[in-house]
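Colleague: I am attaching a structure below and will ask some questions about it afterwards.
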Amino acid sequence: QRRGAISYDSSDQTALYIRMLGDVRVRSRAGFETERRGSHPYIDFRIFHSNSEIEVSVSARNVRRLLSFQRYLRSSRFFRGITVPNSSNILDDDYNGQAKCMLEKVGNWNFDIFLFDRLTNGNSLVSLTFHLFNLHGLIEHFQLDTMKLRRFLVMVQEDYHSQNPYHNAVHAADVTQAMHCYLKEPKLSKSLTPWDVLLSLIAAATHDLDHPGVNQPFLIKTNHYLATLYKNTSVLENHHWRSAVGLLRESGLFAHMSLENRQLMESQIGDLILATDISQQNEYLSMFRSHLDRGDLCMENANHRHFILQMALKCADICNPCRTWELSKQWSEKVTEEFFHQGKENGDIEKKYHLGVSPLCDRQTETIANIQIGFMTYLVEPLFGEWARFSNTRLSQTMLGHLGLNKASWKGVQREQSGSGDDVDPAFEEMDSDLLPQEPRLS
C-alpha cells in the first residue's frame with residue numbers, strides 16, 4: 001500500500017500538501033528500516049537510489065516533482081526501463097453484472113455500500129463516482145478525458161487508508177452516494193448548475209482524503225507537524241483539501257480549463273471540505289437556522305447555493321444514523337473501533353505527555369450505545385431537523401424516521417448493558433451548547 005510524502009507546486013516549489021506517513025519501509029544502505037507514521041514529516045527520496053540512479057534526466061525529474069511515494073517509485077522504475085507488474089484485479093461477469101444492477105439504483109437511500117464494495121472488489125469509490133459523473137452529464141459538459149478521470153479517482157481511492165476501520169474509501173463512497181441523493185432533491189436539482197454538481201461530487205469523494213485514523217485534538221496536543229502547518233485550525237480538513245488539490249493537479253483532469261477556473265474550483269472545493277469540520281458545527285447550524293427563520297435563501301444566488309451544498313455535505317458526512325439499522329449499526333461499530341484503536345495505540349503517547357486518553361476513545365469507560373446516543377442527540381438530530389425544514393421531502397422524513405428508530409434501538413442496547421435508559425455519554429454532555437469543544441487556536 002502506498003504512503004505519500006510531499007507534493008510541490010511546479011512553479012514556486014512551495015509545499016502544496018503533505019501526505020501522512022504510514023508504516024513504509026525505507027531502503028537504506030544498511031537495509032530496510034520501518035518508519036512510523038508522523039515520525040518524519042519529510043522523506044529524502046535520494047535514499048532509494050544508488051549514486052548512478054540519482055543521475056536522471058531533467059524531464060524525469062520534472063515528472064516526479066508532483067508524484068507521491070508509491071508512484072514515485074513506480075515512475076523511477078519506468079524511467080530505468082524496469083517493467084512494473086500489473087496488479088489489477090479482474091472480476092467475473094457475474095460480479096460486474098450485479099454491481100451494474102446496483103448502480104441503476106444508486107439514488108435509493110437504502111443503497112448498501114458494503115455490498116457494492118464487495119461486488120467491485122474494493123473499488124466502490126472509483127466505480128460509484130465515475131458512474132455519477134456520467135449520470136450527471138459532467139464528462140460531456142466539461143469535456144473530461146475519461147482516462148484522466150479514472151486515474152484521478154484511482155489515486156483518490158488509493159490515498160484513503162484501508163486499515164482505518166471507518167475513515168476509508170468505503171466511507172468516502174458512502175458520503176458521495178448520500179450527496180447524490182441530496183442533489184436529486186427538488187430544491188437543489190431545479191437550481192444547481194453542472195459546476196455545482198461537479199464541485200459537490202469531488203468534495204464528497206475527497207472530503208477525508210488521507211485521513212490518518214486519529215482525530216484533530218490528538219494531532220494538536222501531540223504537536224504533530226500537520227497541526228503546526230495549519231496552525232491548529234481545521235487541521236484534518238485542511239489536509240484533506242490540500243491533498244485533493246494535489247491529486248487534481250497531478251492528474252491533469254482539468255488542465256484544459258483556464259487557470260482562473262481551476263483556481264476557483266480548488267478554492268470552492270476547499271470551502272465545501274472545510275465545512276465538514278465538526279468543531280465548526282454550531283457556527284454553520286446557527287447560520288442555516290437563521291436563513292430558514294428569515295426565509296431568505298435564494299437558490300438563484302450562487303453564494304446561497306454554495307452554502308446549501310456545504311450543509312448537504314455536512315449531512316452526507318454524518319448521515320450514518322439516518323440509514324437503515326442494518327447499515328447504521330455497521331458504521332457505528334466501525335467508527336467506535338477506530339476511536340478505541342486510537343485510545344489503545346496512542347495511549348502510551350498520551351500517558352507519556354500526561355494528556356489522558358482522548359474523549360470517546362477509552363474502551364474501558366465507553367460503549368457503542370453511549371457514544372451513538374450522544375452523537376445522535378447533540379449532532380445529528382439538530383442538523384437533520386434543520387435540513388428537513390429546508391427540504392421537507394420524503395427523503396428527509398425517511399432519514400428522520402430511521403434516526404428515531406436507530407436511537408431507540410441503541411437505547412435498548414444501553415438499558416440491557418446498564419439497567420437504565422437515562423445514561424448519556426459524558427463526553428457529549430460536556431459539549432453543552434457548543435456541540436463540540438472548539439480546538440485551541442494559535443494567534
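Here, A, B, ... name the chains of the C-alpha cells in the order displayed, residue numbers run from 1 inside each chain, and ligands are numbered from 1 in the same displayed order.
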Would you list the contacts of Leu219 of chain A as a list in words, taking every protein, DNA or RNA residue within 10 Å and counting only C-alpha atoms, but skipping same-chain residues closer than 6 positions in sequence?

Modeller: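 Surrounding residues, per the criterion: Gly38, Pro212, Tyr225, Leu226, Ala227, Thr228, Asn232, Val235 and Leu236 of chain A.
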
Colleague: Could you take the residues named above and write them with all heavy atoms, as an mmCIF file, in the first residue's frame?

Modeller:
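As written to disk, result04.cif reads:
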```
data_model
loop_
_atom_site.group_PDB
_atom_site.id
_atom_site.type_symbol
_atom_site.label_atom_id
_atom_site.label_comp_id
_atom_site.auth_asym_id
_atom_site.auth_seq_id
_atom_site.Cartn_x
_atom_site.Cartn_y
_atom_site.Cartn_z
ATOM 1 N N GLY A 38 4.159 9.754 10.951
ATOM 2 C CA GLY A 38 4.350 11.011 11.644
ATOM 3 C C GLY A 38 5.723 11.181 12.250
ATOM 4 O O GLY A 38 6.032 12.226 12.806
ATOM 5 N N PRO A 212 -5.604 10.095 8.777
ATOM 6 C CA PRO A 212 -4.635 9.251 9.482
ATOM 7 C C PRO A 212 -5.247 8.271 10.472
ATOM 8 O O PRO A 212 -4.533 7.446 11.040
ATOM 9 C CB PRO A 212 -3.773 10.276 10.225
ATOM 10 C CG PRO A 212 -4.699 11.418 10.475
ATOM 11 C CD PRO A 212 -5.604 11.479 9.273
ATOM 12 N N TYR A 225 3.158 17.704 13.150
ATOM 13 C CA TYR A 225 3.585 18.728 12.196
ATOM 14 C C TYR A 225 2.423 19.260 11.364
ATOM 15 O O TYR A 225 2.448 20.410 10.910
ATOM 16 C CB TYR A 225 4.705 18.215 11.295
ATOM 17 C CG TYR A 225 4.321 17.081 10.379
ATOM 18 C CD1 TYR A 225 3.817 17.312 9.120
ATOM 19 C CD2 TYR A 225 4.499 15.759 10.786
ATOM 20 C CE1 TYR A 225 3.479 16.286 8.278
ATOM 21 C CE2 TYR A 225 4.160 14.706 9.955
ATOM 22 C CZ TYR A 225 3.653 14.969 8.697
ATOM 23 O OH TYR A 225 3.318 13.935 7.878
ATOM 24 N N LEU A 226 1.389 18.458 11.143
ATOM 25 C CA LEU A 226 0.227 18.966 10.412
ATOM 26 C C LEU A 226 -0.510 20.023 11.224
ATOM 27 O O LEU A 226 -1.028 21.001 10.677
ATOM 28 C CB LEU A 226 -0.728 17.821 10.065
ATOM 29 C CG LEU A 226 -0.330 16.925 8.895
ATOM 30 C CD1 LEU A 226 -1.374 15.835 8.685
ATOM 31 C CD2 LEU A 226 -0.158 17.737 7.618
ATOM 32 N N ALA A 227 -0.584 19.818 12.540
ATOM 33 C CA ALA A 227 -1.213 20.815 13.398
ATOM 34 C C ALA A 227 -0.446 22.128 13.353
ATOM 35 O O ALA A 227 -1.026 23.215 13.322
ATOM 36 C CB ALA A 227 -1.291 20.297 14.839
ATOM 37 N N THR A 228 0.882 22.028 13.325
ATOM 38 C CA THR A 228 1.710 23.228 13.217
ATOM 39 C C THR A 228 1.532 23.881 11.851
ATOM 40 O O THR A 228 1.411 25.110 11.743
ATOM 41 C CB THR A 228 3.193 22.867 13.421
ATOM 42 O OG1 THR A 228 3.354 22.220 14.685
ATOM 43 C CG2 THR A 228 4.061 24.107 13.363
ATOM 44 N N ASN A 232 -3.305 24.747 14.033
ATOM 45 C CA ASN A 232 -4.327 24.151 14.902
ATOM 46 C C ASN A 232 -5.756 24.436 14.450
ATOM 47 O O ASN A 232 -6.698 24.275 15.229
ATOM 48 C CB ASN A 232 -4.163 24.644 16.352
ATOM 49 C CG ASN A 232 -2.902 24.120 16.996
ATOM 50 O OD1 ASN A 232 -2.165 23.347 16.384
ATOM 51 N ND2 ASN A 232 -2.647 24.522 18.216
ATOM 52 N N VAL A 235 -7.356 21.180 11.141
ATOM 53 C CA VAL A 235 -6.115 20.530 10.705
ATOM 54 C C VAL A 235 -6.392 19.437 9.678
ATOM 55 O O VAL A 235 -5.816 19.433 8.577
ATOM 56 C CB VAL A 235 -5.362 19.948 11.919
ATOM 57 C CG1 VAL A 235 -4.123 19.183 11.452
ATOM 58 C CG2 VAL A 235 -4.975 21.056 12.891
ATOM 59 N N LEU A 236 -7.264 18.503 10.026
ATOM 60 C CA LEU A 236 -7.532 17.391 9.116
ATOM 61 C C LEU A 236 -8.213 17.865 7.838
ATOM 62 O O LEU A 236 -7.851 17.431 6.737
ATOM 63 C CB LEU A 236 -8.401 16.344 9.817
ATOM 64 C CG LEU A 236 -7.688 15.509 10.886
ATOM 65 C CD1 LEU A 236 -8.685 14.666 11.663
ATOM 66 C CD2 LEU A 236 -6.631 14.623 10.247
#
```

Colleague: Which neighbours of segment 284-299 of chain A fall inside 12 Å, counting only C-alpha atoms, when residues of the same chain fewer than 3 positions from it are skipped, and could you give them as a tab-separated table (two decimals) with C-alpha atoms, in the first residue's frame?

Modeller:
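Written out: part31.tsv:
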```tsv
chain	number	residue	atom	x	y	z
A	186	PRO	CA	-36.32	19.16	-5.82
A	187	LYS	CA	-34.98	22.37	-4.27
A	188	LEU	CA	-31.49	21.50	-5.40
A	189	SER	CA	-31.98	19.68	-8.69
A	190	LYS	CA	-34.02	22.54	-10.18
A	191	SER	CA	-31.40	25.19	-9.44
A	192	LEU	CA	-27.94	23.58	-9.31
A	193	THR	CA	-25.59	24.13	-12.22
A	196	ASP	CA	-22.21	23.00	-8.53
A	272	LEU	CA	-17.01	22.52	0.99
A	274	LEU	CA	-13.66	22.73	5.43
A	275	ALA	CA	-17.37	22.87	6.28
A	276	THR	CA	-17.16	19.25	7.45
A	277	ASP	CA	-15.05	20.29	10.46
A	278	ILE	CA	-17.27	19.10	13.30
A	279	SER	CA	-15.83	21.70	15.68
A	280	GLN	CA	-17.47	24.35	13.48
A	281	GLN	CA	-20.85	22.62	13.59
A	302	ALA	CA	-24.62	31.39	-6.30
A	303	ASN	CA	-23.43	32.12	-2.75
A	304	HIS	CA	-26.62	30.70	-1.26
A	305	ARG	CA	-26.37	27.59	-3.42
A	306	HIS	CA	-22.79	27.10	-2.27
A	307	PHE	CA	-23.86	27.41	1.37
A	308	ILE	CA	-26.59	24.80	0.85
A	309	LEU	CA	-24.02	22.47	-0.71
A	310	GLN	CA	-21.87	22.94	2.39
A	311	MET	CA	-24.82	21.92	4.56
A	312	ALA	CA	-25.58	18.99	2.24
A	313	LEU	CA	-22.01	17.71	2.54
A	314	LYS	CA	-22.18	18.09	6.32
A	315	CYS	CA	-25.34	15.97	6.31
A	378	TYR	CA	-26.11	16.55	20.11
A	379	LEU	CA	-25.01	16.47	16.47
A	380	VAL	CA	-27.24	14.51	14.10
A	381	GLU	CA	-30.74	15.43	15.28
A	382	PRO	CA	-30.18	19.23	15.27
A	383	LEU	CA	-28.60	19.16	11.80
A	384	PHE	CA	-31.14	16.91	10.12
A	385	GLY	CA	-34.01	18.70	11.82
A	386	GLU	CA	-32.96	21.93	10.11
A	387	TRP	CA	-32.30	20.12	6.82
A	388	ALA	CA	-35.89	18.82	6.93
A	389	ARG	CA	-37.09	22.40	7.39
A	390	PHE	CA	-35.21	23.38	4.25
A	391	SER	CA	-36.13	20.31	2.20
A	433	SER	CA	-24.48	24.38	23.68
A	434	ASP	CA	-21.18	24.35	21.85
A	435	LEU	CA	-21.83	20.84	20.47
```

Colleague: Find, counting only C-alpha atoms, the residue in A:Ser409, A:Ser267, A:Gln157, A:Ser234 that gets nearest to Leu247 of chain A.

Modeller: A:Gln157

Colleague: To one decimal place, how far is atom CA of Ala316 of chain A from atom CA of Trp410 of chain A in Å?

Modeller: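 Separating atom CA of Ala316 of chain A from atom CA of Trp410 of chain A is a distance of 21.1 Å.
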
Colleague: Find, counting only C-alpha atoms, the residue in A:Pro321, A:Gly374, A:Pro194, A:Gly246 that gets nearest to Phe152 of chain A.

Modeller: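 Of A:Pro321, A:Gly374, A:Pro194, A:Gly246, the one nearest Phe152 of chain A is A:Gly246, counting only C-alpha atoms.
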
Colleague: Excluding same-chain residues fewer than 5 positions from segment 392-404 of chain A, what lies within 7 Å of it counting only C-alpha atoms, as a PyMOL selection string?

Modeller: chain A and resi 321-324

Colleague: With distances taken over only C-alpha atoms, which of A:Thr336, A:Ser243, A:Asn96, A:Ser200 is nearest to Gln177 of chain A?

Modeller: A:Ser200

Colleague: To test your reading of the structure, identify every residue in segment 160-398 of chain A that backbone DSSP assigns to alpha helix (DSSP H), and report it as a ChimeraX atom specification.

Modeller: /A:169-183,186-189,194-206,216-221,225-229,235-251,259-274,281-294,302-317,325-345,347-352,368-375,381-390,394-398
